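Note: the block below is coords.pdb and it holds PDB, C-alpha atoms, pLDDT in the B column.
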ATOM      1  CA  GLU A  39      17.141  21.135   0.144  1.00 94.00           C
ATOM      2  CA  VAL A  40      15.907  19.443  -3.001  1.00 95.00           C
ATOM      3  CA  GLN A  41      13.746  16.430  -2.307  1.00 97.00           C
ATOM      4  CA  LEU A  42      12.163  14.015  -4.765  1.00 98.00           C
ATOM      5  CA  VAL A  43      10.131  11.213  -3.206  1.00 98.00           C
ATOM      6  CA  GLU A  44       8.749   8.494  -5.442  1.00 98.00           C
ATOM      7  CA  SER A  45       5.884   6.174  -4.565  1.00 98.00           C
ATOM      8  CA  GLY A  46       3.486   3.770  -6.215  1.00 98.00           C
ATOM      9  CA  GLY A  47       5.739   0.910  -7.179  1.00 98.00           C
ATOM     10  CA  GLY A  48       4.942  -2.709  -6.467  1.00 98.00           C
ATOM     11  CA  LEU A  49       4.418  -6.176  -7.848  1.00 98.00           C
ATOM     12  CA  VAL A  50       2.128  -6.454 -10.865  1.00 98.00           C
ATOM     13  CA  GLN A  51       1.326  -9.156 -13.391  1.00 98.00           C
ATOM     14  CA  PRO A  52       2.231  -8.777 -17.061  1.00 98.00           C
ATOM     15  CA  GLY A  53      -0.370  -6.646 -18.780  1.00 98.00           C
ATOM     16  CA  GLY A  54      -1.167  -4.795 -15.580  1.00 98.00           C
ATOM     17  CA  SER A  55      -0.913  -1.129 -14.678  1.00 98.00           C
ATOM     18  CA  LEU A  56       0.632   1.081 -12.036  1.00 98.00           C
ATOM     19  CA  ARG A  57       0.744   4.797 -11.369  1.00 98.00           C
ATOM     20  CA  LEU A  58       3.933   6.248  -9.973  1.00 98.00           C
ATOM     21  CA  SER A  59       4.053   9.576  -8.180  1.00 98.00           C
ATOM     22  CA  CYS A  60       6.918  11.881  -7.286  1.00 98.00           C
ATOM     23  CA  ALA A  61       6.505  14.560  -4.643  1.00 98.00           C
ATOM     24  CA  ALA A  62       8.959  17.392  -5.220  1.00 98.00           C
ATOM     25  CA  SER A  63      10.151  20.101  -2.846  1.00 97.00           C
ATOM     26  CA  GLY A  64      13.023  22.489  -2.294  1.00 96.00           C
ATOM     27  CA  PHE A  65      13.149  23.969  -5.796  1.00 96.00           C
ATOM     28  CA  GLY A  66      10.965  25.669  -8.353  1.00 96.00           C
ATOM     29  CA  PHE A  67       9.085  22.619  -9.542  1.00 97.00           C
ATOM     30  CA  SER A  68       6.706  24.551 -11.788  1.00 97.00           C
ATOM     31  CA  ILE A  69       9.588  25.999 -13.820  1.00 97.00           C
ATOM     32  CA  ALA A  70      11.593  22.798 -14.097  1.00 97.00           C
ATOM     33  CA  ASP A  71      11.514  20.248 -16.850  1.00 98.00           C
ATOM     34  CA  MET A  72      11.233  16.801 -15.288  1.00 98.00           C
ATOM     35  CA  SER A  73      11.764  13.222 -16.331  1.00 98.00           C
ATOM     36  CA  TRP A  74      11.621   9.603 -15.288  1.00 98.00           C
ATOM     37  CA  ALA A  75      14.455   7.150 -15.595  1.00 98.00           C
ATOM     38  CA  ARG A  76      14.755   3.496 -14.659  1.00 98.00           C
ATOM     39  CA  GLN A  77      17.437   1.014 -13.827  1.00 98.00           C
ATOM     40  CA  ALA A  78      16.871  -2.663 -14.435  1.00 97.00           C
ATOM     41  CA  PRO A  79      18.848  -5.238 -12.433  1.00 92.00           C
ATOM     42  CA  GLY A  80      22.434  -5.298 -13.646  1.00 94.00           C
ATOM     43  CA  LYS A  81      21.965  -2.449 -16.122  1.00 96.00           C
ATOM     44  CA  GLY A  82      22.599   1.284 -16.248  1.00 96.00           C
ATOM     45  CA  LEU A  83      20.146   4.130 -15.929  1.00 96.00           C
ATOM     46  CA  GLU A  84      17.748   4.483 -18.843  1.00 96.00           C
ATOM     47  CA  TRP A  85      15.810   7.656 -19.600  1.00 97.00           C
ATOM     48  CA  ILE A  86      12.206   6.757 -20.361  1.00 97.00           C
ATOM     49  CA  ALA A  87      10.083   9.928 -20.347  1.00 98.00           C
ATOM     50  CA  GLY A  88      10.344  13.687 -20.028  1.00 98.00           C
ATOM     51  CA  ILE A  89       7.955  16.606 -19.667  1.00 98.00           C
ATOM     52  CA  SER A  90       8.287  20.345 -20.068  1.00 98.00           C
ATOM     53  CA  SER A  91       7.800  22.684 -17.121  1.00 97.00           C
ATOM     54  CA  GLY A  92       4.258  23.571 -18.128  1.00 96.00           C
ATOM     55  CA  GLY A  93       3.352  20.029 -19.034  1.00 96.00           C
ATOM     56  CA  THR A  94       2.550  20.777 -22.655  1.00 97.00           C
ATOM     57  CA  LEU A  95       5.441  18.837 -24.173  1.00 98.00           C
ATOM     58  CA  THR A  96       6.144  15.190 -23.457  1.00 98.00           C
ATOM     59  CA  TYR A  97       8.818  12.840 -24.721  1.00 98.00           C
ATOM     60  CA  TYR A  98       9.166   9.071 -24.531  1.00 98.00           C
ATOM     61  CA  ALA A  99      11.738   6.398 -25.129  1.00 97.00           C
ATOM     62  CA  ARG A 100      10.765   4.022 -27.867  1.00 97.00           C
ATOM     63  CA  SER A 101      10.651   1.157 -25.380  1.00 96.00           C
ATOM     64  CA  VAL A 102       7.718   2.709 -23.494  1.00 98.00           C
ATOM     65  CA  GLU A 103       5.969   4.947 -26.019  1.00 98.00           C
ATOM     66  CA  GLY A 104       2.284   4.143 -26.259  1.00 98.00           C
ATOM     67  CA  ARG A 105       2.268   2.317 -22.927  1.00 98.00           C
ATOM     68  CA  PHE A 106       3.523   4.902 -20.411  1.00 98.00           C
ATOM     69  CA  THR A 107       2.237   8.436 -19.852  1.00 98.00           C
ATOM     70  CA  ILE A 108       4.095  11.187 -18.033  1.00 98.00           C
ATOM     71  CA  SER A 109       2.173  14.056 -16.490  1.00 98.00           C
ATOM     72  CA  ARG A 110       2.460  16.642 -13.755  1.00 98.00           C
ATOM     73  CA  ASP A 111       0.383  18.745 -11.410  1.00 98.00           C
ATOM     74  CA  ASN A 112       2.268  21.950 -10.706  1.00 98.00           C
ATOM     75  CA  SER A 113      -0.296  23.006  -8.088  1.00 98.00           C
ATOM     76  CA  LYS A 114       0.705  19.924  -6.087  1.00 98.00           C
ATOM     77  CA  ASN A 115       4.418  19.862  -6.995  1.00 98.00           C
ATOM     78  CA  THR A 116       3.906  16.297  -8.173  1.00 98.00           C
ATOM     79  CA  LEU A 117       5.112  14.332 -11.168  1.00 98.00           C
ATOM     80  CA  TYR A 118       3.359  11.182 -12.360  1.00 98.00           C
ATOM     81  CA  LEU A 119       4.052   8.204 -14.571  1.00 98.00           C
ATOM     82  CA  GLN A 120       1.180   5.976 -15.647  1.00 98.00           C
ATOM     83  CA  LEU A 121       2.434   2.539 -16.622  1.00 98.00           C
ATOM     84  CA  ASN A 122       0.088   0.382 -18.716  1.00 98.00           C
ATOM     85  CA  SER A 123       0.492  -2.931 -20.521  1.00 98.00           C
ATOM     86  CA  LEU A 124       3.463  -3.766 -18.332  1.00 98.00           C
ATOM     87  CA  LYS A 125       5.972  -6.338 -19.494  1.00 98.00           C
ATOM     88  CA  THR A 126       8.487  -8.390 -17.529  1.00 97.00           C
ATOM     89  CA  GLU A 127      11.244  -6.301 -19.075  1.00 96.00           C
ATOM     90  CA  ASP A 128       9.784  -3.209 -17.395  1.00 98.00           C
ATOM     91  CA  THR A 129      10.982  -4.562 -14.042  1.00 98.00           C
ATOM     92  CA  ALA A 130      13.298  -1.892 -12.637  1.00 98.00           C
ATOM     93  CA  MET A 131      13.818   0.787 -10.050  1.00 98.00           C
ATOM     94  CA  TYR A 132      12.063   3.911 -11.309  1.00 98.00           C
ATOM     95  CA  TYR A 133      13.491   7.342 -10.530  1.00 98.00           C
ATOM     96  CA  CYS A 134      12.053  10.831 -10.694  1.00 98.00           C
ATOM     97  CA  VAL A 135      14.683  13.204 -12.088  1.00 98.00           C
ATOM     98  CA  ARG A 136      14.903  16.985 -12.001  1.00 97.00           C
ATOM     99  CA  GLY A 137      15.563  18.136 -15.521  1.00 93.00           C
ATOM    100  CA  ASN A 138      15.273  16.385 -18.847  1.00 95.00           C
ATOM    101  CA  ASN A 139      18.792  16.582 -20.275  1.00 91.00           C
ATOM    102  CA  GLY A 140      20.303  13.215 -19.471  1.00 86.00           C
ATOM    103  CA  ASN A 141      21.780  14.388 -16.189  1.00 89.00           C
ATOM    104  CA  TYR A 142      20.538  12.082 -13.450  1.00 89.00           C
ATOM    105  CA  GLU A 143      22.389  13.758 -10.598  1.00 91.00           C
ATOM    106  CA  THR A 144      19.255  15.123  -8.943  1.00 95.00           C
ATOM    107  CA  ARG A 145      16.898  12.215  -8.546  1.00 96.00           C
ATOM    108  CA  GLY A 146      14.905  10.523  -5.824  1.00 96.00           C
ATOM    109  CA  GLN A 147      15.555   7.264  -4.037  1.00 97.00           C
ATOM    110  CA  GLY A 148      13.401   5.378  -6.490  1.00 97.00           C
ATOM    111  CA  THR A 149      10.394   3.081  -6.359  1.00 98.00           C
ATOM    112  CA  LEU A 150      10.629  -0.561  -7.385  1.00 98.00           C
ATOM    113  CA  VAL A 151       8.374  -1.967 -10.076  1.00 98.00           C
ATOM    114  CA  THR A 152       8.350  -5.739 -10.445  1.00 98.00           C
ATOM    115  CA  VAL A 153       6.419  -7.302 -13.308  1.00 98.00           C
ATOM    116  CA  SER A 154       5.978 -11.016 -12.809  1.00 97.00           C
ATOM    117  CA  ALA A 155       3.381 -13.710 -13.127  1.00 95.00           C
TER     118      ALA A 155
END
Show me the file's structure as structure tokens.
Amino acid sequence: EVQLVESGGGLVQPGGSLRLSCAASGFGFSIADMSWARQAPGKGLEWIAGISSGGTLTYYARSVEGRFTISRDNSKNTLYLQLNSLKTEDTAMYYCVRGNNGNYETRGQGTLVTVSA
């Protein structure tokens, strides 16, 4: 059974930082491209970052480029997302997604990030 379990969300002030983690199991994590997506209140899912299976290639949405960093540790079957310089508009549920092709079918339950003063 595929499992993706996100953690690390919380309440942070504008300009602050968080590090999200995603523990993966039940599939070949080290050979899978991975990505992060988010869903703000009242909006649809938005792809924000992707990473190749070996971690050498990374991709970002324009809205987060330069502020967020995606990475992975294949020895730990874990995906990460470092969020810096957070803005109120970054408030959303953040999801770890298997694959990086716009298909969000296989994703975790999400971790909530709230950016507020």
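Run against this file, the PyMOL selection byres ((chain A and resi 149) around 6) gives back Glu44, Ser45, Gly47, Met131, Tyr132, Gly148 and Leu150 of chain A.
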Nearest to A:Arg145 among A:Lys114, A:Arg57, A:Arg100, A:Arg76, with distances taken over all atoms listed in the file: which residue is it? A:Arg76
Written as an MDAnalysis selection string, which residues does the PyMOL selection byres ((chain A and resi 139) around 10) give for the file shown? chainID A and resid 71:73 85 88 135:138 140:142
Could you spell out the hits of the PyMOL selection byres ((chain A and resi 115-122) around 7) on the shown file, as number ranges by chain? A: 54-62, 67, 105-114, 123-124
Quick one: write out the picked residues with C-alpha atoms as a compact mmCIF listing (two decimals), keeping the file's coordinate frame?
# COMPACT_ATOMS: atom_id res chain seq x y z
CA GLY A 54 -1.17 -4.80 -15.58
CA SER A 55 -0.91 -1.13 -14.68
CA LEU A 56 0.63 1.08 -12.04
CA ARG A 57 0.74 4.80 -11.37
CA LEU A 58 3.93 6.25 -9.97
CA SER A 59 4.05 9.58 -8.18
CA CYS A 60 6.92 11.88 -7.29
CA ALA A 61 6.50 14.56 -4.64
CA ALA A 62 8.96 17.39 -5.22
CA PHE A 67 9.09 22.62 -9.54
CA ARG A 105 2.27 2.32 -22.93
CA PHE A 106 3.52 4.90 -20.41
CA THR A 107 2.24 8.44 -19.85
CA ILE A 108 4.10 11.19 -18.03
CA SER A 109 2.17 14.06 -16.49
CA ARG A 110 2.46 16.64 -13.76
CA ASP A 111 0.38 18.74 -11.41
CA ASN A 112 2.27 21.95 -10.71
CA SER A 113 -0.30 23.01 -8.09
CA LYS A 114 0.70 19.92 -6.09
CA SER A 123 0.49 -2.93 -20.52
CA LEU A 124 3.46 -3.77 -18.33
Polymer residues at most 9 Å from A:Ala78, all atoms listed in the file, same-chain spacing of 3 or more positions, as a count of residues only: 10
Interatomic distance, atom CA of A:Ile86 to atom CA of A:Val43 (Å, one decimal): 17.8 Å
Applying 6 Å and only C-alpha atoms, which residues near A:Ala87 remain after dropping the ones on its own chain fewer than 6 positions away? List them as a ChimeraX atom specification. /A:73-74,97-98
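Shortest atom-to-atom contact with A:Pro79 among A:Gln147, A:Ser91, A:Thr96, A:Thr126: A:Thr126, counting all atoms listed in the file.
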When you draw a straight line from atom CA of A:Gln77 to atom CA of A:Ser154, how long is it in Å?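 These two atoms are separated by 16.6 Å.
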Å distance separating atom CA of A:Glu103 from atom CA of A:Gln41, one decimal place: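 Computed distance, atom CA of A:Glu103 to atom CA of A:Gln41, equals 27.5 Å.
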